[in-house]
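Working notes for the structure below.
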Amino acid sequence: MKQCLHLVVLVSAGLSIAVAQERPPSQAAQFPGTESGFATFQTKCMGCHGNPTMAGRVPDPATLRQLSPEKIYEALTTGPMKVQGQALADDQKRMLAVFMSGRTFGSAEQGDAKNMPNHCEANPPISDPSATASWNGWSPDVANTRFQTAKAAGLTAEQVPHLKLKWAFGYPTGVSAFGQPAVASGRVFVGSDIGYVYSLDAKTGCIYWSYQAKGNVRGGPSVGPVKGHGATKYAVFFGDAHANVYAVDAQTGQELWTKKVDDHFVARITASPKLYEGYLYVPVSSSEEFAAANLDYPCCTSRGSVVKLDASTGAQEWKTYVVPETPKPTRLNSKGVQQYAPAGASVWNSPTIDAKRHAIYFGTGDSETEPAAKMSDAVMAVDMKSGKVLWYYQAQAGDAFLGGCTGPEKTDNCPKDNGPDLDIGNSPVLHSLPGGKSIVVAGTKDGKLFALDPDKKGEVVWTTHVVDNPPGAPVFRMSGVVWGGTFDEKAAYYGLTGGGITAIQLTTGEKLWNKSLAEPGKRVNNGAAATSIEGVVFIAGTDGKLHALKSADGTEIWSYDTDRSFDTVNKVEAKGGAIQSIGPTIADGMLFIGSGYGVIGGPTGNVLLAFGVE
């Protein structure tokens, strides 16, 4: 029997893997360094830890993922797995430990609020979040427009050029500020790659409390009422990298309940759960496809889904899989490892609520095995009460994709035709046109936007290509839509992975204007989500620059370079970097954004920035 890394693990994905696993996989697949932790686990460990005949003799992958990075690294260097660990470079061991644990080294101690100097002097009773300016989860509204009204924004187009940095907060030991902040009751709630969720004062950045989750927390938290927990009135809800969902007391940070919504060992919650009328709609994704081409790995068994939970208790109401069929054994690969199908179709985005039609909408990712699932690369409509699929629109058929399946690295785990990998990573946006007609709008990584009619089972209203890509170009060299746009009454605004931002007329899909944001001769990815207020659109990029543009014509009125070091209110050494997924959160005269999500070669960072008008 081959030597196994028993006890603890092997997967880790260094600091960068903890970042890479959080977005649609094509980007990770092009940069092997970000997926090396999982690849190490699949190659060196899965033969024992994933072998059913070894059950009870060695820990399974799910058990290993509950360990801290320090415990995993210790086992591989000085502990019972020292002999097996000698075959790995030190960086491999560290990366592996971070991926498996979902946290960075040193985060358990240094990330705790009790060890920070900027405690708020008092913790007054939290006010009703619905009665104050707020931004919950991915968008301040359930339609996912990422548009903040003038009243809630507390910020006008005339004031935007006068925005100044008010404070900065550093994530101790963090390397990827990918958490989208939420704002409610004058407080900021934000997750981090170090596994902590923080409650901060929106105006000053002083800290009320911290809560340590079992894995990193990227999706924006939501704040709302909760029942049955004594004096607790309001809770903060969020998910983590191990597919756990949490409710904690918004006043104190005390845990109210936790619920694991998927048992697959690499299942995760990438996007923001959507809170609506006492229920959470939780999207489930996976990092399985990043390196499943390794022949020691039994590819593939993860399935994307959305889960409905009771917000007060965590009880599951329903779970709807994108791939309805349970993966079944299909064949043995050339190394004799069992293969499975169908699989894949992660849900990388926050569900959209349609109260009128009693439906939720969400986008799905590509399949991992052939044949590709019929609801992969699609927008799905699901009944809010029962979880029944109402309709779906597939933007790309036959899209089965695995990382590491190009060129000489291709193995017989791989789909015969790999890709094109056009996941719909952005939340579909529900919008009402003049006259009362509704459309649901989403986009793909090759630059196609489409509008669907929710009253006609997703019939296409219009399609448009916001950019012309060379025929046959791989996705990572295309320009397109990943994390999504923002909508006002007149238009939609989408940042592009090839750089720049475009405005679209919502009735026809006609392009209104396009704005390049890169310096001459430089390439910038502006695929992060856009945000808008009345008259202004905000968009950021891999160069760390945050821009404010006039929504009428794209004229720039303000910008700020976040790619630098900052003095922080909690005295943590911190710097900004690339901004590649989240957009700004705006409420009550303040703008918040994390800087340092460097997943595709951009600079990493660990800072949360807060801007206001002087």
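Residues are named by chain letter and number: chains run A, B, ... in the order of the structure tokens, numbers start at 1 in each chain, and ligands are numbered from 1 in the order shown.
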
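Residues in contact range of region 395-397 of chain A, defined as at most 8 Å between only C-alpha atoms, with sequence neighbours fewer than 6 positions away removed, read Ala372, Lys374, Ser376, Asp377, Ala378, Val379, Leu422 and Thr444 of chain A.
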
Could you write out the selected residues, including N, CA, C and O atoms, as an mmCIF file, in the first residue's frame?
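Ended up saving to out_36.cif:
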```cif
data_model
loop_
_atom_site.group_PDB
_atom_site.id
_atom_site.type_symbol
_atom_site.label_atom_id
_atom_site.label_comp_id
_atom_site.auth_asym_id
_atom_site.auth_seq_id
_atom_site.Cartn_x
_atom_site.Cartn_y
_atom_site.Cartn_z
ATOM 1 N N ALA A 372 -22.516 16.935 -20.015
ATOM 2 C CA ALA A 372 -22.795 18.094 -19.168
ATOM 3 C C ALA A 372 -24.261 18.103 -18.743
ATOM 4 O O ALA A 372 -25.151 17.756 -19.518
ATOM 5 N N LYS A 374 -27.968 19.309 -17.813
ATOM 6 C CA LYS A 374 -28.849 20.181 -18.588
ATOM 7 C C LYS A 374 -29.069 21.544 -17.928
ATOM 8 O O LYS A 374 -29.440 22.504 -18.606
ATOM 9 N N SER A 376 -26.613 23.112 -16.161
ATOM 10 C CA SER A 376 -25.332 23.799 -15.972
ATOM 11 C C SER A 376 -25.290 25.029 -16.868
ATOM 12 O O SER A 376 -26.015 25.118 -17.872
ATOM 13 N N ASP A 377 -24.450 26.004 -16.515
ATOM 14 C CA ASP A 377 -24.343 27.265 -17.272
ATOM 15 C C ASP A 377 -25.720 27.857 -17.562
ATOM 16 O O ASP A 377 -26.035 28.225 -18.697
ATOM 17 N N ALA A 378 -26.531 27.932 -16.536
ATOM 18 C CA ALA A 378 -27.937 28.308 -16.740
ATOM 19 C C ALA A 378 -28.396 29.313 -15.699
ATOM 20 O O ALA A 378 -27.742 29.528 -14.671
ATOM 21 N N VAL A 379 -29.531 29.935 -15.987
ATOM 22 C CA VAL A 379 -30.297 30.656 -14.974
ATOM 23 C C VAL A 379 -31.472 29.763 -14.612
ATOM 24 O O VAL A 379 -32.203 29.290 -15.492
ATOM 25 N N LEU A 422 -18.025 28.518 -19.119
ATOM 26 C CA LEU A 422 -18.715 29.813 -19.146
ATOM 27 C C LEU A 422 -19.649 30.021 -17.967
ATOM 28 O O LEU A 422 -20.701 30.651 -18.097
ATOM 29 N N THR A 444 -22.374 35.955 -19.181
ATOM 30 C CA THR A 444 -21.400 34.866 -19.185
ATOM 31 C C THR A 444 -19.991 35.413 -19.382
ATOM 32 O O THR A 444 -19.798 36.568 -19.773
#
```

Mind checking which residues fall within 7 Å of Val307 (chain A), counting only C-alpha atoms, ignoring those fewer than 2 positions away in the same chain, and posting them as an mmCIF file with N, CA, C and O atoms, in the first residue's frame?
```cif
data_model
loop_
_atom_site.group_PDB
_atom_site.id
_atom_site.type_symbol
_atom_site.label_atom_id
_atom_site.label_comp_id
_atom_site.auth_asym_id
_atom_site.auth_seq_id
_atom_site.Cartn_x
_atom_site.Cartn_y
_atom_site.Cartn_z
ATOM 1 N N TYR A 281 -31.851 31.730 1.850
ATOM 2 C CA TYR A 281 -31.674 30.944 0.632
ATOM 3 C C TYR A 281 -30.165 30.894 0.376
ATOM 4 O O TYR A 281 -29.545 31.907 0.048
ATOM 5 N N VAL A 282 -29.580 29.702 0.573
ATOM 6 C CA VAL A 282 -28.132 29.553 0.658
ATOM 7 C C VAL A 282 -27.571 28.896 -0.606
ATOM 8 O O VAL A 282 -27.935 27.760 -0.934
ATOM 9 N N PRO A 283 -26.660 29.569 -1.330
ATOM 10 C CA PRO A 283 -26.034 28.973 -2.512
ATOM 11 C C PRO A 283 -24.846 28.099 -2.118
ATOM 12 O O PRO A 283 -24.068 28.462 -1.237
ATOM 13 N N SER A 305 -26.070 23.577 -5.445
ATOM 14 C CA SER A 305 -27.443 23.561 -4.937
ATOM 15 C C SER A 305 -27.786 24.887 -4.292
ATOM 16 O O SER A 305 -26.918 25.741 -4.074
ATOM 17 N N LEU A 309 -33.313 27.638 4.537
ATOM 18 C CA LEU A 309 -33.259 27.414 5.979
ATOM 19 C C LEU A 309 -34.181 28.382 6.702
ATOM 20 O O LEU A 309 -34.354 29.534 6.279
ATOM 21 N N TRP A 318 -35.931 22.984 2.368
ATOM 22 C CA TRP A 318 -35.722 22.195 1.152
ATOM 23 C C TRP A 318 -34.305 22.404 0.636
ATOM 24 O O TRP A 318 -33.618 23.351 1.038
ATOM 25 N N LYS A 319 -33.891 21.514 -0.247
ATOM 26 C CA LYS A 319 -32.599 21.627 -0.931
ATOM 27 C C LYS A 319 -32.808 21.228 -2.384
ATOM 28 O O LYS A 319 -33.272 20.125 -2.670
ATOM 29 N N THR A 320 -32.473 22.128 -3.299
ATOM 30 C CA THR A 320 -32.634 21.871 -4.716
ATOM 31 C C THR A 320 -31.271 21.806 -5.382
ATOM 32 O O THR A 320 -30.515 22.787 -5.357
#
```

Quick one: residues within 10 Å of Ala503 (chain A), only C-alpha atoms counted, chain neighbours fewer than 2 positions away excluded, as a PyMOL selection string?
chain A and resi 466+485-487+490-495+501+505-506+509-515+537+551-554

If you take only C-alpha atoms and a cut-off of 8 Å, which residues of region 511-598 of chain A touch region 119-135 of chain A, and what are their nearest atom pairs and distances in Å to one decimal, in chain and number order, as JSON lines?
```
{"residue": "A:Thr585", "atom": "CA", "partner": "A:Trp135", "partner_atom": "CA", "distance": 6.8}
{"residue": "A:Ile586", "atom": "CA", "partner": "A:Trp135", "partner_atom": "CA", "distance": 7.0}
{"residue": "A:Ala587", "atom": "CA", "partner": "A:Ala133", "partner_atom": "CA", "distance": 5.7}
{"residue": "A:Asp588", "atom": "CA", "partner": "A:Ala133", "partner_atom": "CA", "distance": 5.6}
```

Could you check the closest approach to Asp354 (chain A) for each of A:Leu546, A:Ala182, A:Leu64, A:Ala143 and tell me which residue wins, using only C-alpha atoms?
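The closest residue to Asp354 (chain A) is A:Ala143.
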
Tell me which of A:Phe41, A:Phe238, A:Trp257, A:Tyr297 sits closest to Pro61 (chain A), counting only C-alpha atoms.
A:Phe41

Which residues, written as a list in words, have at least one atom at most 10 Å from Phe265 (chain A), with only C-alpha atoms counted and residues fewer than 4 positions away on the same chain left out?
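Residues meeting the cut-off are Asp60, Pro61, Ala62, Thr63, Leu64, Arg65, Met100, His242, Ala243, Ser286, Ser287, Glu288 and Ser302 of chain A.
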
Give me, please, the distance in Å between CA of Gln339 (chain A) and CA of Ala400 (chain A), quoted to one decimal.
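Computing the Euclidean distance for CA of Gln339 (chain A) and CA of Ala400 (chain A) yields 14.5 Å.
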
Report, in Å to a single decimal, how far apart CA of Pro454 (chain A) and CA of Ser438 (chain A) are.
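Computed distance, CA of Ser438 (chain A) to CA of Pro454 (chain A), equals 7.0 Å.
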
If you run DSSP over the backbone, which residues in region 139-280 of chain A end up strand (DSSP E)? Put them as a CSV table (one decimal) with C-alpha atoms, in the first residue's frame.
```csv
chain,number,residue,atom,x,y,z
A,163,LEU,CA,-14.8,61.3,-0.7
A,164,LYS,CA,-11.9,60.8,1.7
A,165,LEU,CA,-10.5,57.8,3.5
A,166,LYS,CA,-12.0,57.8,7.1
A,167,TRP,CA,-10.5,54.7,8.5
A,168,ALA,CA,-8.9,51.3,7.6
A,169,PHE,CA,-9.2,48.0,9.4
A,170,GLY,CA,-6.6,45.2,8.9
A,182,ALA,CA,-22.8,44.5,5.2
A,183,VAL,CA,-24.1,47.7,6.9
A,184,ALA,CA,-27.0,47.7,9.4
A,187,ARG,CA,-22.5,48.9,12.2
A,188,VAL,CA,-20.4,47.1,9.6
A,189,PHE,CA,-20.4,43.3,9.6
A,190,VAL,CA,-17.8,41.6,7.5
A,191,GLY,CA,-16.2,38.2,7.0
A,196,TYR,CA,-13.4,35.7,11.6
A,197,VAL,CA,-16.5,37.8,11.2
A,198,TYR,CA,-16.3,41.3,12.7
A,199,SER,CA,-18.8,43.9,13.9
A,200,LEU,CA,-17.4,47.4,13.6
A,201,ASP,CA,-18.7,50.9,14.1
A,207,ILE,CA,-14.7,47.0,17.1
A,208,TYR,CA,-17.7,45.6,19.0
A,209,TRP,CA,-17.0,41.9,18.7
A,210,SER,CA,-15.5,39.0,16.6
A,211,TYR,CA,-16.8,35.5,15.9
A,212,GLN,CA,-14.6,32.7,14.6
A,222,SER,CA,-27.2,39.7,6.3
A,223,VAL,CA,-28.8,41.1,9.4
A,224,GLY,CA,-32.4,40.6,10.4
A,225,PRO,CA,-34.9,39.6,13.1
A,234,TYR,CA,-31.5,40.5,15.6
A,235,ALA,CA,-29.0,38.1,14.1
A,236,VAL,CA,-26.2,38.1,11.6
A,237,PHE,CA,-26.3,35.3,9.0
A,238,PHE,CA,-23.4,34.1,6.9
A,239,GLY,CA,-21.8,30.9,5.4
A,244,ASN,CA,-21.6,25.8,7.3
A,245,VAL,CA,-24.3,28.5,7.8
A,246,TYR,CA,-24.3,30.5,11.0
A,247,ALA,CA,-26.6,32.8,12.9
A,248,VAL,CA,-25.0,34.9,15.6
A,249,ASP,CA,-26.4,37.6,17.9
A,255,GLU,CA,-23.6,31.9,18.4
A,256,LEU,CA,-27.3,31.1,18.0
A,257,TRP,CA,-27.1,28.2,15.6
A,258,THR,CA,-25.0,26.5,12.9
A,259,LYS,CA,-26.1,24.2,10.1
A,260,LYS,CA,-23.9,22.3,7.7
A,267,ALA,CA,-18.4,22.0,-0.7
A,268,ARG,CA,-18.4,25.7,0.2
A,274,LYS,CA,-30.2,35.8,0.7
A,275,LEU,CA,-32.4,36.7,3.7
A,276,TYR,CA,-36.1,37.2,3.0
A,279,TYR,CA,-35.8,32.4,5.6
A,280,LEU,CA,-32.3,32.1,4.2
```

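Taking CA of Asn570 (chain A) as the reference point, CA of Ser192 (chain A) is found at 15.0 Å.
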
Tell me which protein, DNA and RNA residues are within 8 Å of Lys328 (chain A), counting only C-alpha atoms, leaving out same-chain ones fewer than 4 positions away, and put them as a list in words.
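These residues fall inside the cut-off: Tyr340, Ala341 and Pro342 of chain A.
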
Quick check for you: according to DSSP on this backbone, which residues of region 241-440 of chain A are classed as helix (DSSP H, G or I)? Reply as a list in words.
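Helix (DSSP H, G or I) assignments inside region 241-440 of chain A correspond to Glu288, Glu289, Phe290, Gly407, Pro408 and Glu409 of chain A.
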
Among listed residues A:Glu317, A:Glu409, A:Glu459, A:Glu289, nearest Tyr392 (chain A) (using only C-alpha atoms):
A:Glu459

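Compared by their closest atoms to Ala518 (chain A), and using only C-alpha atoms, the residues A:Glu534, A:Asp561, A:Lys545, A:Gln110 rank with A:Lys545 nearest.
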
Using only C-alpha atoms, can you tell me which of A:Thr464, A:Ser350, A:Ser479, A:Ser68 comes closest to Asn426 (chain A)?
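Answer, going by the shortest atom-to-atom distance: A:Ser350.
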